[in-house]
Amino acid sequence: MNDEILDRLDALADEGDLEGVEAHALKEIRRAKDPRDLWRYVAWARFELNRLDDALKAARTAEDPLLEGKALFHLWRFDEAEKALARFKGEGEEEAEAEWYKGGLAEFRGGDGTRHFRRAT
């Protein structure tokens with residue numbers, strides 16, 4: 001992946017131009033050998049635009065279980081969200097975000113998400 005492309009996408013994201021992120025990533029996908037990183041940008045932009053079904057499709061194309069789980073959670077498809085988040089392997093801020101969503105799943109199911117929320121912090 002060309003760093004110039006990723007820098008442009010990050011600049012658009014920093015400007016809050018979510019439609020620009022989506023459009024630029026989709027344009028570059030056609031030329032990419034492995035477009036999964038670009039599909040992650042598409043999924044993220046669509047998620048932020050609250051286009052959850054479209055975000056889910058892009059997340060699955062990107063093979064990104066965190067973005068997939070987040071979209072499924074907000075679509076109230078909790079069983080699928082749990083399975084997607086269980087496939088997530090990451091660290092740092094992304095791991096914290098996954099733990100937060102796992103805590104939310106536990107709470108929505110009437111359980112206690114405290115353990116996940118603590119891990120998230």
# chains A, B, ... in the order shown; residues from 1 in each chain; ligands from 1
>>> select_by_dssp(residues="chain A", states="alpha helix (DSSP H)", output="ChimeraX atom specification")
/A:3-14,18-29,36-48,52-62,65-74,78-87,92-108,114-120
>>> residues_around(residues="Asn50 (chain A)", least_positions_apart="6", cutoff="10 Å", atoms="only C-alpha atoms", output="list in words")
Trp44, Ala71 and His74 of chain A
>>> residues_around(residues="Leu6 (chain A)", least_positions_apart="6", cutoff="12 Å", atoms="only C-alpha atoms", output="list of chain:residue names")
A:Leu12, A:Ala13, A:Val21, A:His24, A:Ala25, A:Glu28, A:Ile29, A:Pro35, A:Asp37, A:Leu38, A:Trp39, A:Arg40, A:Tyr41
>>> write_last_selection(atoms="N, CA, C and O atoms", output="PDB file, in the first residue's frame")
ATOM      1  N   LEU A  12      -8.022  13.377   5.065  1.00  0.00           N
ATOM      2  CA  LEU A  12      -9.469  13.540   4.868  1.00  0.00           C
ATOM      3  C   LEU A  12     -10.226  13.214   6.156  1.00  0.00           C
ATOM      4  O   LEU A  12     -11.175  13.912   6.522  1.00  0.00           O
ATOM      5  N   ALA A  13      -9.798  12.151   6.832  1.00  0.00           N
ATOM      6  CA  ALA A  13     -10.442  11.776   8.098  1.00  0.00           C
ATOM      7  C   ALA A  13     -10.247  12.869   9.136  1.00  0.00           C
ATOM      8  O   ALA A  13     -11.188  13.226   9.855  1.00  0.00           O
ATOM      9  N   VAL A  21     -13.294  10.339   2.408  1.00  0.00           N
ATOM     10  CA  VAL A  21     -12.559   9.121   2.766  1.00  0.00           C
ATOM     11  C   VAL A  21     -13.116   7.943   1.982  1.00  0.00           C
ATOM     12  O   VAL A  21     -12.363   7.187   1.349  1.00  0.00           O
ATOM     13  N   HIS A  24     -12.394   8.360  -1.913  1.00  0.00           N
ATOM     14  CA  HIS A  24     -10.981   8.193  -2.263  1.00  0.00           C
ATOM     15  C   HIS A  24     -10.547   6.739  -2.087  1.00  0.00           C
ATOM     16  O   HIS A  24      -9.835   6.194  -2.942  1.00  0.00           O
ATOM     17  N   ALA A  25     -10.976   6.101  -1.008  1.00  0.00           N
ATOM     18  CA  ALA A  25     -10.621   4.700  -0.785  1.00  0.00           C
ATOM     19  C   ALA A  25     -11.211   3.817  -1.881  1.00  0.00           C
ATOM     20  O   ALA A  25     -10.518   2.937  -2.416  1.00  0.00           O
ATOM     21  N   GLU A  28      -9.198   4.088  -5.019  1.00  0.00           N
ATOM     22  CA  GLU A  28      -7.898   3.425  -4.943  1.00  0.00           C
ATOM     23  C   GLU A  28      -8.013   1.902  -4.880  1.00  0.00           C
ATOM     24  O   GLU A  28      -7.063   1.198  -5.245  1.00  0.00           O
ATOM     25  N   ILE A  29      -9.155   1.397  -4.438  1.00  0.00           N
ATOM     26  CA  ILE A  29      -9.350  -0.053  -4.334  1.00  0.00           C
ATOM     27  C   ILE A  29      -9.148  -0.733  -5.679  1.00  0.00           C
ATOM     28  O   ILE A  29      -8.576  -1.815  -5.760  1.00  0.00           O
ATOM     29  N   PRO A  35      -6.538  -4.886  -1.285  1.00  0.00           N
ATOM     30  CA  PRO A  35      -7.292  -3.691  -0.890  1.00  0.00           C
ATOM     31  C   PRO A  35      -7.909  -3.725   0.511  1.00  0.00           C
ATOM     32  O   PRO A  35      -8.693  -2.849   0.856  1.00  0.00           O
ATOM     33  N   ASP A  37      -6.861  -2.943   3.519  1.00  0.00           N
ATOM     34  CA  ASP A  37      -6.700  -1.713   4.302  1.00  0.00           C
ATOM     35  C   ASP A  37      -7.614  -0.606   3.790  1.00  0.00           C
ATOM     36  O   ASP A  37      -8.168   0.159   4.569  1.00  0.00           O
ATOM     37  N   LEU A  38      -7.770  -0.528   2.493  1.00  0.00           N
ATOM     38  CA  LEU A  38      -8.668   0.486   1.920  1.00  0.00           C
ATOM     39  C   LEU A  38     -10.120   0.189   2.278  1.00  0.00           C
ATOM     40  O   LEU A  38     -10.889   1.104   2.572  1.00  0.00           O
ATOM     41  N   TRP A  39     -10.486  -1.081   2.269  1.00  0.00           N
ATOM     42  CA  TRP A  39     -11.849  -1.445   2.670  1.00  0.00           C
ATOM     43  C   TRP A  39     -12.089  -1.104   4.141  1.00  0.00           C
ATOM     44  O   TRP A  39     -13.202  -0.773   4.524  1.00  0.00           O
ATOM     45  N   ARG A  40     -11.039  -1.158   4.967  1.00  0.00           N
ATOM     46  CA  ARG A  40     -11.187  -0.738   6.372  1.00  0.00           C
ATOM     47  C   ARG A  40     -11.563   0.735   6.456  1.00  0.00           C
ATOM     48  O   ARG A  40     -12.401   1.120   7.262  1.00  0.00           O
ATOM     49  N   TYR A  41     -10.928   1.557   5.644  1.00  0.00           N
ATOM     50  CA  TYR A  41     -11.287   2.980   5.615  1.00  0.00           C
ATOM     51  C   TYR A  41     -12.736   3.166   5.163  1.00  0.00           C
ATOM     52  O   TYR A  41     -13.465   3.978   5.718  1.00  0.00           O
TER      53      TYR A  41
END
>>> closest_residue(among="A:Ala120, A:Ala86, A:Phe78, A:Leu67", to="Ala106 (chain A)", atoms="only C-alpha atoms")
A:Phe78
>>> closest_residue(among="A:Glu22, A:Glu82, A:Asp3, A:Asp64", to="Gly103 (chain A)", atoms="only C-alpha atoms")
A:Glu82
>>> closest_residue(among="A:Leu52, A:Pro65, A:Ala32, A:Gly111", to="Gly90 (chain A)", atoms="only C-alpha atoms")
A:Pro65
>>> residues_around(residues="Lys57 (chain A)", least_positions_apart="4", cutoff="8 Å", atoms="only C-alpha atoms", output="ChimeraX atom specification")
/A:43,53,61
>>> write_last_selection(atoms="all heavy atoms", output="PDB file, in the first residue's frame")
ATOM      1  N   ALA A  43     -15.181   0.980   5.450  1.00  0.00           N
ATOM      2  CA  ALA A  43     -16.045   0.502   6.533  1.00  0.00           C
ATOM      3  C   ALA A  43     -16.124   1.534   7.655  1.00  0.00           C
ATOM      4  O   ALA A  43     -17.208   1.816   8.170  1.00  0.00           O
ATOM      5  CB  ALA A  43     -15.533  -0.837   7.075  1.00  0.00           C
ATOM      6  N   ASP A  53     -25.438  -1.024   7.555  1.00  0.00           N
ATOM      7  CA  ASP A  53     -25.453  -2.190   6.666  1.00  0.00           C
ATOM      8  C   ASP A  53     -24.298  -2.115   5.669  1.00  0.00           C
ATOM      9  O   ASP A  53     -23.632  -3.122   5.396  1.00  0.00           O
ATOM     10  CB  ASP A  53     -26.788  -2.308   5.930  1.00  0.00           C
ATOM     11  CG  ASP A  53     -27.915  -2.772   6.835  1.00  0.00           C
ATOM     12  OD1 ASP A  53     -27.700  -3.705   7.636  1.00  0.00           O
ATOM     13  OD2 ASP A  53     -29.019  -2.196   6.743  1.00  0.00           O
ATOM     14  N   THR A  61     -15.657  -7.442   3.839  1.00  0.00           N
ATOM     15  CA  THR A  61     -14.738  -7.462   2.707  1.00  0.00           C
ATOM     16  C   THR A  61     -13.311  -7.217   3.182  1.00  0.00           C
ATOM     17  O   THR A  61     -12.371  -7.834   2.692  1.00  0.00           O
ATOM     18  CB  THR A  61     -15.149  -6.413   1.657  1.00  0.00           C
ATOM     19  OG1 THR A  61     -16.483  -6.692   1.224  1.00  0.00           O
ATOM     20  CG2 THR A  61     -14.229  -6.436   0.457  1.00  0.00           C
TER      21      THR A  61
END
